[in-house]
file run35.tsv (TSV, C-alpha atoms)
chain	number	residue	atom	x	y	z
B	91	MET	CA	-48.92	-21.89	5.16
B	92	ILE	CA	-52.26	-20.97	6.77
B	93	VAL	CA	-50.71	-17.83	8.28
B	94	TRP	CA	-49.22	-16.74	4.96
B	95	SER	CA	-52.48	-17.34	3.11
B	96	THR	CA	-54.29	-15.32	5.77
B	97	ILE	CA	-51.77	-12.48	5.37
B	98	GLY	CA	-52.30	-12.60	1.60
B	99	MET	CA	-56.06	-12.47	2.11
B	100	SER	CA	-55.60	-9.47	4.44
B	101	LEU	CA	-53.47	-7.62	1.89
B	102	ARG	CA	-56.11	-8.20	-0.81
B	103	GLN	CA	-58.83	-6.92	1.49
B	104	ILE	CA	-56.76	-3.84	2.36
B	105	GLY	CA	-56.06	-3.27	-1.33
B	106	ARG	CA	-59.78	-3.19	-2.17
B	107	ASN	CA	-60.17	0.03	-0.16
B	108	LYS	CA	-56.81	1.72	-0.62
B	109	MET	CA	-57.81	5.23	0.43
B	110	ARG	CA	-59.80	4.05	3.44
B	111	SER	CA	-56.94	1.80	4.52
B	112	PHE	CA	-54.39	4.61	4.13
B	113	LEU	CA	-56.47	7.06	6.15
B	114	THR	CA	-56.96	4.41	8.82
B	115	ALA	CA	-53.22	3.74	9.04
B	116	LEU	CA	-52.38	7.47	9.00
B	117	GLY	CA	-52.65	7.73	12.79
B	118	ILE	CA	-50.09	4.94	13.13
B	119	VAL	CA	-47.86	6.60	10.51
B	120	ILE	CA	-47.91	9.91	12.38
B	121	GLY	CA	-47.41	8.29	15.78
B	122	VAL	CA	-44.50	6.06	14.77
B	123	GLY	CA	-42.93	8.85	12.72
B	124	ALA	CA	-43.17	11.35	15.57
B	125	VAL	CA	-41.72	8.95	18.13
B	126	ILE	CA	-38.80	7.99	15.88
B	127	ALA	CA	-38.09	11.63	14.96
B	128	MET	CA	-38.16	12.81	18.58
B	129	VAL	CA	-35.96	9.98	19.88
B	130	HIS	CA	-33.39	10.44	17.11
B	131	LEU	CA	-33.37	14.22	17.51
B	132	GLY	CA	-32.90	13.91	21.28
B	133	ASP	CA	-30.14	11.35	20.81
B	134	ALA	CA	-28.37	13.57	18.26
B	135	ALA	CA	-28.65	16.63	20.52
B	136	THR	CA	-27.29	14.69	23.49
B	137	ARG	CA	-24.32	13.39	21.52
B	138	ASN	CA	-23.65	16.83	20.07
B	139	VAL	CA	-23.54	18.57	23.44
B	140	THR	CA	-21.55	15.85	25.22
B	141	ASP	CA	-19.04	15.66	22.37
B	142	ARG	CA	-18.51	19.42	22.48
B	143	ILE	CA	-18.08	19.40	26.24
B	144	SER	CA	-15.65	16.48	25.95
B	145	ALA	CA	-13.75	18.40	23.26
B	146	MET	CA	-12.96	21.08	25.84
B	147	GLY	CA	-10.42	18.68	27.34
B	148	GLN	CA	-9.96	15.27	28.92
B	149	ASN	CA	-10.47	14.92	32.68
B	150	LEU	CA	-11.03	18.68	32.81
B	151	LEU	CA	-11.68	20.64	36.00
B	152	MET	CA	-12.32	24.38	36.01
B	153	VAL	CA	-11.48	26.29	39.20
B	154	GLN	CA	-12.89	29.80	39.68
B	155	PRO	CA	-13.38	32.24	42.55
B	156	GLY	CA	-16.93	32.16	43.82
B	157	THR	CA	-18.78	34.32	46.32
B	158	ARG	CA	-18.37	34.98	50.03
B	159	ARG	CA	-20.82	35.95	52.76
B	160	ARG	CA	-20.30	39.20	54.63
B	161	GLY	CA	-20.83	38.15	58.23
B	162	PRO	CA	-23.52	35.82	59.62
B	163	GLY	CA	-26.70	36.25	57.62
B	164	GLY	CA	-25.07	38.96	55.46
B	165	SER	CA	-25.28	39.37	51.73
B	166	ARG	CA	-22.93	37.58	49.36
B	167	SER	CA	-20.30	39.32	47.23
B	168	GLU	CA	-17.65	38.31	44.74
B	169	ALA	CA	-14.71	36.58	46.40
B	170	LYS	CA	-11.21	37.81	45.76
B	171	PRO	CA	-9.57	36.36	42.63
B	172	PHE	CA	-6.71	33.88	42.68
B	173	ASP	CA	-3.09	34.96	42.45
B	174	GLU	CA	0.23	33.40	41.53
B	175	ARG	CA	0.79	32.26	45.12
B	176	VAL	CA	-2.36	30.12	45.04
B	177	VAL	CA	-1.43	28.60	41.68
B	178	ARG	CA	2.07	27.70	42.92
B	179	ALA	CA	0.52	26.05	45.97
B	180	LEU	CA	-1.79	23.97	43.77
B	181	GLU	CA	1.07	22.89	41.51
B	182	SER	CA	3.24	21.82	44.45
B	183	GLU	CA	0.64	20.21	46.70
B	184	VAL	CA	-1.81	18.58	44.28
B	185	SER	CA	-0.46	15.41	42.68
B	186	GLY	CA	-1.51	13.75	39.44
B	187	ALA	CA	-2.62	16.89	37.60
B	188	ILE	CA	-1.38	19.73	35.42
B	189	PHE	CA	-2.51	23.35	35.73
B	190	ALA	CA	-3.02	26.34	33.44
B	191	PRO	CA	-3.87	29.63	35.16
B	192	SER	CA	-5.67	32.18	33.02
B	193	ALA	CA	-7.34	35.57	33.02
B	194	SER	CA	-9.61	37.05	30.35
B	195	SER	CA	-11.25	40.26	29.25
B	196	ARG	CA	-12.96	41.73	26.22
B	197	ALA	CA	-10.90	43.88	23.86
B	198	THR	CA	-10.93	45.14	20.30
B	199	VAL	CA	-8.27	43.89	17.91
B	200	VAL	CA	-7.20	46.18	15.11
B	201	LEU	CA	-5.39	45.47	11.83
B	202	GLY	CA	-5.27	48.38	9.40
B	203	ASN	CA	-8.86	49.54	8.96
B	204	THR	CA	-10.37	46.34	10.42
B	205	ASN	CA	-11.72	46.29	13.99
B	206	TRP	CA	-13.02	43.17	15.70
B	207	PRO	CA	-14.26	42.78	19.33
B	208	THR	CA	-13.04	39.54	20.83
B	209	THR	CA	-11.98	37.74	24.03
B	210	VAL	CA	-8.34	38.10	25.09
B	211	THR	CA	-6.98	35.43	27.42
B	212	GLY	CA	-3.64	35.31	29.18
B	213	THR	CA	-2.44	31.82	30.00
B	214	THR	CA	0.48	29.36	29.89
B	215	ASN	CA	1.44	26.52	27.57
B	216	GLY	CA	-0.45	24.08	29.81
B	217	PHE	CA	-3.64	25.53	28.31
B	218	PHE	CA	-3.04	23.82	24.95
B	219	LYS	CA	-2.66	20.35	26.47
B	220	ILE	CA	-5.39	20.65	29.09
B	221	ARG	CA	-7.95	22.03	26.64
B	222	ASP	CA	-6.80	19.64	23.90
B	223	TRP	CA	-6.42	22.66	21.65
B	224	PRO	CA	-3.24	22.46	19.54
B	225	VAL	CA	-1.54	25.20	17.56
B	226	VAL	CA	-1.85	24.15	13.90
B	227	GLU	CA	0.20	27.00	12.44
B	228	GLY	CA	3.24	28.56	14.07
B	229	ARG	CA	4.23	27.63	17.63
B	230	GLU	CA	3.36	27.86	21.32
B	231	PHE	CA	4.87	30.38	23.73
B	232	GLU	CA	8.56	30.11	24.60
B	233	ALA	CA	9.71	30.06	28.22
B	234	GLY	CA	11.39	33.46	27.87
B	235	GLU	CA	8.21	34.99	26.46
B	236	LEU	CA	6.18	33.70	29.41
B	237	ARG	CA	8.66	35.15	31.93
B	238	ALA	CA	9.36	38.49	30.24
B	239	ALA	CA	5.77	39.46	29.31
B	240	THR	CA	6.71	39.52	25.62
B	241	PRO	CA	3.96	41.00	23.39
B	242	VAL	CA	3.19	37.89	21.32
B	243	CYS	CA	-0.16	36.21	20.71
B	244	ILE	CA	-1.85	33.15	19.26
B	245	VAL	CA	-5.18	33.67	17.51
B	246	GLY	CA	-8.28	31.56	16.86
B	247	LYS	CA	-9.67	30.70	13.45
B	248	THR	CA	-12.40	33.35	13.65
B	249	ILE	CA	-9.78	36.08	14.12
B	250	VAL	CA	-7.89	34.77	11.08
B	251	ASP	CA	-11.06	34.84	8.97
B	252	GLU	CA	-12.54	38.13	10.17
B	253	VAL	CA	-9.40	40.22	10.69
B	254	PHE	CA	-6.82	38.72	8.33
B	255	GLY	CA	-9.20	37.65	5.57
B	256	GLY	CA	-8.43	33.94	6.07
B	257	THR	CA	-4.64	34.03	5.48
B	258	GLY	CA	-1.43	35.81	6.41
B	259	ALA	CA	-1.79	35.89	10.19
B	260	LEU	CA	1.64	34.55	11.16
B	261	ASP	CA	4.25	37.19	12.07
B	262	ALA	CA	1.73	40.00	11.54
B	263	GLN	CA	1.55	42.85	14.05
B	264	LEU	CA	-1.92	42.86	15.62
B	265	ARG	CA	-3.06	45.61	17.98
B	266	VAL	CA	-4.95	44.17	20.94
B	267	GLY	CA	-6.52	47.05	22.82
B	268	LYS	CA	-3.57	49.45	23.18
B	269	LEU	CA	-0.94	46.71	22.89
B	270	SER	CA	0.75	45.80	19.61
B	271	CYS	CA	1.68	42.10	19.57
B	272	ARG	CA	3.19	39.72	17.04
B	273	VAL	CA	1.10	36.73	15.96
B	274	ILE	CA	3.16	33.56	16.48
B	275	GLY	CA	0.48	30.89	16.00
B	276	VAL	CA	-3.02	29.91	14.95
B	277	LEU	CA	-5.22	27.57	17.00
B	278	GLU	CA	-7.03	24.55	15.61
B	279	SER	CA	-10.63	25.38	14.80
B	280	LYS	CA	-13.27	24.27	17.29
B	281	SER	CA	-17.04	24.34	16.94
B	282	SER	CA	-19.24	26.69	18.91
B	283	MET	CA	-20.13	25.77	22.49
B	284	MET	CA	-23.52	26.70	23.98
B	285	GLY	CA	-23.93	29.29	21.24
B	286	GLN	CA	-20.48	30.80	21.88
B	287	ASP	CA	-17.82	30.84	19.15
B	288	GLN	CA	-14.78	29.20	20.76
B	289	ASP	CA	-12.53	30.28	17.88
B	290	ASP	CA	-13.16	33.97	18.56
B	291	LEU	CA	-10.23	34.58	20.93
B	292	VAL	CA	-6.67	35.80	21.25
B	293	LEU	CA	-4.20	34.05	23.59
B	294	MET	CA	-1.09	35.67	25.01
B	295	PRO	CA	1.32	34.90	27.86
B	296	LEU	CA	-0.35	35.35	31.25
B	297	SER	CA	2.33	37.82	32.36
B	298	THR	CA	1.78	39.89	29.21
B	299	PHE	CA	-1.96	40.02	29.79
B	300	GLN	CA	-1.58	40.96	33.44
B	301	ARG	CA	0.97	43.73	32.86
B	302	ARG	CA	-0.13	45.15	29.51
B	303	ILE	CA	-3.89	44.49	29.29
B	304	ALA	CA	-5.45	44.00	32.74
B	305	GLY	CA	-3.05	46.06	34.83
B	306	ASN	CA	-3.27	43.64	37.77
B	307	TRP	CA	-2.06	40.19	38.85
B	308	ASP	CA	-5.49	38.59	39.19
B	309	ILE	CA	-6.14	35.04	37.93
B	310	SER	CA	-9.80	34.41	37.18
B	311	MET	CA	-9.63	30.76	36.12
B	312	VAL	CA	-7.38	27.76	36.63
B	313	TYR	CA	-7.79	24.90	34.14
B	314	VAL	CA	-6.84	21.52	35.61
B	315	SER	CA	-6.46	18.15	33.94
B	316	ALA	CA	-6.11	14.89	35.87
B	317	LEU	CA	-3.27	12.89	34.33
B	318	VAL	CA	-4.94	9.53	34.98
B	319	ASP	CA	-8.49	8.71	33.88
B	320	GLY	CA	-10.94	8.25	36.72
B	321	THR	CA	-8.96	10.35	39.23
B	322	THR	CA	-10.75	13.69	38.78
B	323	GLU	CA	-12.67	13.29	42.07
B	324	GLU	CA	-9.42	12.70	43.97
B	325	VAL	CA	-7.75	15.69	42.28
B	326	GLN	CA	-10.82	17.85	42.99
B	327	SER	CA	-10.70	16.89	46.68
B	328	GLN	CA	-7.01	17.86	46.88
B	329	ILE	CA	-7.70	21.19	45.15
B	330	GLU	CA	-10.50	22.02	47.57
B	331	THR	CA	-8.29	21.21	50.57
B	332	VAL	CA	-5.44	23.42	49.33
B	333	LEU	CA	-7.72	26.33	48.43
B	334	ARG	CA	-9.54	26.28	51.77
B	335	GLU	CA	-6.19	26.43	53.53
B	336	LYS	CA	-4.66	29.17	51.36
B	337	ARG	CA	-7.80	31.31	51.39
B	338	ARG	CA	-8.19	30.84	55.17
B	339	ILE	CA	-11.72	29.42	55.11
B	340	ALA	CA	-12.84	28.35	58.57
B	341	PRO	CA	-14.02	24.76	59.17
B	342	GLY	CA	-17.71	24.49	58.36
B	343	ALA	CA	-17.75	27.73	56.36
B	344	ASP	CA	-18.83	27.76	52.72
B	345	ASP	CA	-16.21	27.68	49.99
B	346	ASP	CA	-15.57	30.99	48.24
B	347	PHE	CA	-14.53	29.19	45.06
B	348	ASN	CA	-16.03	26.71	42.59
B	349	VAL	CA	-14.49	23.54	41.20
B	350	ARG	CA	-16.48	22.29	38.22
B	351	ASP	CA	-15.99	18.83	36.75
B	352	MET	CA	-16.81	18.96	33.04
B	353	ALA	CA	-17.61	15.23	33.03
B	354	GLU	CA	-20.35	15.84	35.59
B	355	ILE	CA	-21.67	18.77	33.57
B	356	ALA	CA	-21.72	16.59	30.44
B	357	GLU	CA	-23.61	13.87	32.35
B	358	THR	CA	-26.13	16.38	33.69
B	359	VAL	CA	-26.73	17.90	30.26
B	360	SER	CA	-27.03	14.45	28.72
B	361	GLY	CA	-29.58	13.40	31.33
B	362	THR	CA	-31.60	16.56	30.73
B	363	PHE	CA	-31.72	16.00	26.98
B	364	GLU	CA	-32.64	12.33	27.42
B	365	ALA	CA	-35.49	13.21	29.81
B	366	LEU	CA	-36.77	15.86	27.41
B	367	SER	CA	-36.54	13.42	24.52
B	368	MET	CA	-38.53	10.80	26.45
B	369	LEU	CA	-41.18	13.38	27.38
B	370	LEU	CA	-41.61	14.44	23.76
B	371	SER	CA	-41.73	10.80	22.69
B	372	PHE	CA	-44.52	10.02	25.17
B	373	ILE	CA	-46.47	13.01	23.89
B	374	ALA	CA	-45.95	11.84	20.31
B	375	ALA	CA	-47.03	8.32	21.27
B	376	VAL	CA	-50.53	9.60	22.06
B	377	SER	CA	-51.19	9.67	18.32
B	378	LEU	CA	-50.48	5.92	18.28
B	379	LEU	CA	-53.48	5.43	20.56
B	380	VAL	CA	-55.55	7.60	18.24
B	381	GLY	CA	-54.37	5.46	15.34
B	382	GLY	CA	-55.32	2.32	17.27
B	383	ILE	CA	-58.83	3.66	17.84
B	384	GLY	CA	-59.09	4.37	14.11
B	385	ILE	CA	-58.12	0.79	13.33
B	386	MET	CA	-60.72	-0.55	15.77
B	387	ASN	CA	-63.37	1.63	14.17
B	388	ILE	CA	-62.60	0.57	10.61
B	389	MET	CA	-62.35	-3.10	11.58
B	390	LEU	CA	-65.81	-2.92	13.18
B	391	VAL	CA	-67.09	-1.41	9.93
B	392	SER	CA	-65.34	-4.21	8.01
B	393	VAL	CA	-66.96	-6.87	10.17
B	394	THR	CA	-70.38	-5.33	9.51
B	395	GLU	CA	-69.76	-5.15	5.76
B	396	ARG	CA	-68.53	-8.74	5.57
B	397	THR	CA	-71.11	-10.36	7.83
B	398	ARG	CA	-72.46	-12.63	5.04
B	399	GLU	CA	-68.90	-13.65	4.08
B	400	ILE	CA	-68.22	-14.56	7.71
B	401	GLY	CA	-71.50	-16.49	7.89
B	402	ILE	CA	-70.60	-18.51	4.77
B	403	ARG	CA	-67.17	-19.37	6.18
B	404	LEU	CA	-68.69	-20.51	9.47
B	405	ALA	CA	-71.44	-22.45	7.68
B	406	ILE	CA	-68.98	-24.49	5.59
B	407	GLY	CA	-66.92	-25.51	8.62
B	408	ALA	CA	-64.59	-22.66	9.56
B	409	ARG	CA	-63.97	-22.42	13.29
B	410	GLY	CA	-64.55	-19.30	15.29
B	411	ARG	CA	-60.84	-19.03	16.19
B	412	GLU	CA	-59.94	-19.14	12.48
B	413	VAL	CA	-62.22	-16.15	11.85
B	414	LEU	CA	-60.72	-14.48	14.93
B	415	TRP	CA	-57.19	-14.95	13.58
B	416	GLN	CA	-58.23	-13.73	10.14
B	417	PHE	CA	-59.35	-10.36	11.47
B	418	LEU	CA	-56.54	-10.09	14.01
B	419	ILE	CA	-53.95	-10.63	11.27
B	420	GLU	CA	-55.71	-8.16	8.99
B	421	SER	CA	-55.64	-5.56	11.76
B	422	ALA	CA	-51.96	-6.27	12.52
B	423	VAL	CA	-51.03	-6.08	8.82
B	424	LEU	CA	-52.81	-2.74	8.44
B	425	SER	CA	-51.07	-1.38	11.52
B	426	GLY	CA	-47.72	-2.86	10.42
B	427	ILE	CA	-47.98	-1.11	7.04
B	428	GLY	CA	-48.62	2.13	8.93
B	429	GLY	CA	-45.58	1.37	11.09
B	430	LEU	CA	-43.31	0.85	8.07
B	431	LEU	CA	-44.50	4.10	6.50
B	432	GLY	CA	-44.04	5.83	9.86
B	433	ILE	CA	-40.44	4.61	10.08
B	434	GLY	CA	-39.68	6.22	6.72
B	435	VAL	CA	-41.42	9.45	7.74
B	436	GLY	CA	-39.68	9.51	11.13
B	437	LEU	CA	-36.18	8.88	9.77
B	438	GLY	CA	-36.68	11.49	7.05
B	439	GLY	CA	-37.98	14.03	9.55
B	440	ALA	CA	-35.17	13.32	12.02
B	441	TYR	CA	-32.54	13.69	9.30
B	442	GLY	CA	-34.01	17.01	8.17
B	443	LEU	CA	-34.21	18.39	11.72
B	444	CYS	CA	-30.64	17.29	12.46
B	445	GLN	CA	-29.44	19.05	9.32
B	446	LEU	CA	-31.21	22.26	10.37
B	447	ALA	CA	-29.74	22.08	13.87
B	448	GLU	CA	-26.31	21.02	12.55
B	449	PHE	CA	-26.38	17.79	14.55
B	450	THR	CA	-24.86	14.52	13.37
B	451	PHE	CA	-27.65	12.13	12.37
B	452	ALA	CA	-27.18	8.47	13.28
B	453	PRO	CA	-30.03	5.91	13.03
B	454	VAL	CA	-30.78	3.94	16.20
B	455	PRO	CA	-31.78	0.43	15.03
B	456	SER	CA	-33.24	-0.62	18.38
B	457	ILE	CA	-35.69	2.31	18.41
B	458	ILE	CA	-36.76	1.54	14.83
B	459	VAL	CA	-37.45	-2.13	15.65
B	460	ILE	CA	-39.27	-1.25	18.88
B	461	ALA	CA	-41.45	1.35	17.13
B	462	PHE	CA	-42.45	-1.17	14.45
B	463	LEU	CA	-43.24	-3.87	17.01
B	464	ILE	CA	-45.35	-1.40	19.02
B	465	SER	CA	-47.31	-0.51	15.90
B	466	ALA	CA	-48.03	-4.20	15.25
B	467	VAL	CA	-49.01	-4.79	18.88
B	468	ILE	CA	-51.40	-1.82	18.76
B	469	GLY	CA	-52.99	-3.37	15.68
B	470	VAL	CA	-53.57	-6.63	17.54
B	471	MET	CA	-54.82	-4.91	20.71
B	472	PHE	CA	-57.30	-2.62	19.01
B	473	GLY	CA	-58.29	-5.24	16.46
B	474	PHE	CA	-59.15	-7.88	19.04
B	475	TRP	CA	-62.68	-6.68	19.82
B	476	PRO	CA	-63.78	-6.52	16.16
B	477	ALA	CA	-62.16	-9.93	15.55
B	478	TYR	CA	-63.84	-11.40	18.63
B	479	LYS	CA	-67.16	-9.97	17.52
B	480	ALA	CA	-66.71	-11.57	14.07
B	481	ALA	CA	-65.81	-14.95	15.59
B	482	ARG	CA	-68.92	-14.90	17.81
B	483	LEU	CA	-71.37	-14.33	14.95
B	484	ASP	CA	-74.15	-16.86	14.58
B	485	PRO	CA	-73.84	-18.44	11.07
B	486	ILE	CA	-77.61	-18.44	10.45
B	487	GLU	CA	-78.06	-14.84	11.52
B	488	ALA	CA	-74.99	-13.84	9.51
B	489	LEU	CA	-76.37	-15.46	6.32
B	490	ARG	CA	-79.64	-13.58	6.76
B	491	HIS	CA	-77.74	-10.27	6.96
B	492	GLU	CA	-78.45	-7.92	4.06

call {"tool": "encode", "arguments": {"input": "run35.tsv", "output": "structure tokens"}}
result
Amino acid sequence: MIVWSTIGMSLRQIGRNKMRSFLTALGIVIGVGAVIAMVHLGDAATRNVTDRISAMGQNLLMVQPGTRRRGPGGSRSEAKPFDERVVRALESEVSGAIFAPSASSRATVVLGNTNWPTTVTGTTNGFFKIRDWPVVEGREFEAGELRAATPVCIVGKTIVDEVFGGTGALDAQLRVGKLSCRVIGVLESKSSMMGQDQDDLVLMPLSTFQRRIAGNWDISMVYVSALVDGTTEEVQSQIETVLREKRRIAPGADDDFNVRDMAEIAETVSGTFEALSMLLSFIAAVSLLVGGIGIMNIMLVSVTERTREIGIRLAIGARGREVLWQFLIESAVLSGIGGLLGIGVGLGGAYGLCQLAEFTFAPVPSIIVIAFLISAVIGVMFGFWPAYKAARLDPIEALRHE
């Protein structure tokens, strides 16, 4: 009961000087709001990037030619691309995985009077499973089309919208570079990745791309998916062993290829965003200290203004610790009000920023609770000296105060 009556007394005292109290709590409002906004924005950005990387495929490995050194101490140059022989070796010697070789280039697609520059990729049906990218209209490639280099293609949603006006893509004849191919399918729409529109592409059989578009048998990328969760490291080790053997890399020499684990990339990106979010939060928390100093200042002013009131309370029997608690609670209440307002400001700001960045906003209850508790603790910490000073007043001297 004593605590609640003290809180009520504190609220009445705060209400007597509304503007002064608001300006005093403003530092806490800004500090709590900034911390909550930065943490939520960082969390949303982390989830957004990791979700998009995960959407590229489950247990995904990407194998590409790298660079090679020309002699001891020589400069590095692009290593030779993969070929069908290397892919067959991987498929036969690496267990627990599926493979999708691919090659890509830029080309202009033409339909009537419409031209659109895009990415053309030759691949196999394994691409759709590995990349978790189904065909939502039409069908995948048939075995005969993959063997015979048939001029057929599957297009992304951006091609449908920009070239076909949003409809009527299936069975249409689309000119890709100098090749006229029939559209047999439309891919499911995916969001952009690292600023790149994933839907802006045309897929065709790898043999068709090699013979009709590229004019060579090079394979620039092999997508790999481990069939069992948690086995990507084992599959990666097998891939590296096979490639070193097939590409005749001497023991101790550097690899002339790269095997990238998308799970590791997602973890690295997530860690970077989390570190950046924490850094911004610490910077924003500085304003909490400024707010705490403001509370200390105004509480010292309050003690000076209420010296006679304190003297009367001490003269009629109040203990010093009761006066101490009175001012501590008043300071904590003032800071807590600032914390509550800051939570509203922070959540509103985080929601608005997430909408601008097209991130999914999701409140983090633990951060909200922690931010409020910190605001209350700051009120107690910075209010202790004024409260201690009030409790140590001499009743006689306080009653003489004008």

call {"tool": "closest_residue", "arguments": {"input": "run35.tsv", "among": "B:Gly123, B:Pro453, B:Gly132, B:Pro295", "to": "Gly434 (chain B)", "atoms": "all atoms listed in the file"}}
result
B:Gly123

call {"tool": "residues_around", "arguments": {"input": "run35.tsv", "residues": "Lys170 (chain B)", "least_positions_apart": "2", "cutoff": "7 Å", "atoms": "all atoms listed in the file", "output": "ChimeraX atom specification"}}
result
/B:155,168,172

call {"tool": "residues_around", "arguments": {"input": "run35.tsv", "residues": "region 343-348 of chain B", "least_positions_apart": "4", "cutoff": "6 Å", "atoms": "all atoms listed in the file", "output": "PyMOL selection string"}}
result
chain B and resi 153-158+169

call {"tool": "atom_distance", "arguments": {"input": "run35.tsv", "atom1": "CA of Leu264 (chain B)", "atom2": "CA of Asp222 (chain B)"}}
result
25.1 Å

call {"tool": "atom_distance", "arguments": {"input": "run35.tsv", "atom1": "CA of Thr298 (chain B)", "atom2": "CA of Glu235 (chain B)"}}
result
8.5 Å

call {"tool": "atom_distance", "arguments": {"input": "run35.tsv", "atom1": "CA of Val122 (chain B)", "atom2": "CA of Tyr441 (chain B)"}}
result
15.2 Å

call {"tool": "residues_around", "arguments": {"input": "run35.tsv", "residues": "region 185-198 of chain B", "least_positions_apart": "2", "cutoff": "8 Å", "atoms": "all atoms listed in the file", "output": "PyMOL selection string"}}
result
chain B and resi 177+181-183+200+205-217+220+266-267+296+299-300+304+308-318+325

call {"tool": "write_last_selection", "arguments": {"input": "run35.tsv", "atoms": "C-alpha atoms", "output": "compact mmCIF listing (two decimals), in the frame of the given file"}}
result
# COMPACT_ATOMS: atom_id res chain seq x y z
CA VAL B 177 -1.43 28.60 41.68
CA GLU B 181 1.07 22.89 41.51
CA SER B 182 3.24 21.82 44.45
CA GLU B 183 0.64 20.21 46.70
CA VAL B 200 -7.20 46.18 15.11
CA ASN B 205 -11.72 46.29 13.99
CA TRP B 206 -13.02 43.17 15.70
CA PRO B 207 -14.26 42.78 19.33
CA THR B 208 -13.04 39.54 20.83
CA THR B 209 -11.98 37.74 24.03
CA VAL B 210 -8.34 38.10 25.09
CA THR B 211 -6.98 35.43 27.42
CA GLY B 212 -3.64 35.31 29.18
CA THR B 213 -2.44 31.82 30.00
CA THR B 214 0.48 29.36 29.89
CA ASN B 215 1.44 26.52 27.57
CA GLY B 216 -0.45 24.08 29.81
CA PHE B 217 -3.64 25.53 28.31
CA ILE B 220 -5.39 20.65 29.09
CA VAL B 266 -4.95 44.17 20.94
CA GLY B 267 -6.52 47.05 22.82
CA LEU B 296 -0.35 35.35 31.25
CA PHE B 299 -1.96 40.02 29.79
CA GLN B 300 -1.58 40.96 33.44
CA ALA B 304 -5.45 44.00 32.74
CA ASP B 308 -5.49 38.59 39.19
CA ILE B 309 -6.14 35.04 37.93
CA SER B 310 -9.80 34.41 37.18
CA MET B 311 -9.63 30.76 36.12
CA VAL B 312 -7.38 27.76 36.63
CA TYR B 313 -7.79 24.90 34.14
CA VAL B 314 -6.84 21.52 35.61
CA SER B 315 -6.46 18.15 33.94
CA ALA B 316 -6.11 14.89 35.87
CA LEU B 317 -3.27 12.89 34.33
CA VAL B 318 -4.94 9.53 34.98
CA VAL B 325 -7.75 15.69 42.28

call {"tool": "closest_residue", "arguments": {"input": "run35.tsv", "among": "B:Asp141, B:Ala480, B:Arg337, B:Phe231", "to": "Arg403 (chain B)", "atoms": "only C-alpha atoms"}}
result
B:Ala480

call {"tool": "build_atoms", "arguments": {"input": "run35.tsv", "residues": "region 308-319 of chain B", "atoms": "N, CA and C atoms", "output": "CSV table (one decimal), keeping the file's coordinate frame"}}
result
chain,number,residue,atom,x,y,z
B,308,ASP,N,-4.4,39.5,38.9
B,308,ASP,CA,-5.5,38.6,39.2
B,308,ASP,C,-5.5,37.4,38.2
B,309,ILE,N,-5.9,36.3,38.7
B,309,ILE,CA,-6.1,35.0,37.9
B,309,ILE,C,-7.6,34.6,38.1
B,310,SER,N,-8.4,34.7,37.1
B,310,SER,CA,-9.8,34.4,37.2
B,310,SER,C,-10.2,33.0,36.9
B,311,MET,N,-9.3,32.1,36.4
B,311,MET,CA,-9.6,30.8,36.1
B,311,MET,C,-8.4,29.9,36.2
B,312,VAL,N,-8.5,28.7,36.7
B,312,VAL,CA,-7.4,27.8,36.6
B,312,VAL,C,-7.9,26.5,36.0
B,313,TYR,N,-7.4,26.1,34.8
B,313,TYR,CA,-7.8,24.9,34.1
B,313,TYR,C,-6.9,23.8,34.7
B,314,VAL,N,-7.6,22.7,35.0
B,314,VAL,CA,-6.8,21.5,35.6
B,314,VAL,C,-7.2,20.3,34.8
B,315,SER,N,-6.2,19.4,34.6
B,315,SER,CA,-6.5,18.2,33.9
B,315,SER,C,-5.8,17.0,34.8
B,316,ALA,N,-6.6,16.1,35.2
B,316,ALA,CA,-6.1,14.9,35.9
B,316,ALA,C,-5.3,14.0,34.9
B,317,LEU,N,-4.1,13.6,35.3
B,317,LEU,CA,-3.3,12.9,34.3
B,317,LEU,C,-3.7,11.5,34.1
B,318,VAL,N,-4.5,10.9,35.1
B,318,VAL,CA,-4.9,9.5,35.0
B,318,VAL,C,-6.5,9.5,34.9
B,319,ASP,N,-7.0,8.8,34.0
B,319,ASP,CA,-8.5,8.7,33.9
B,319,ASP,C,-9.1,8.2,35.2
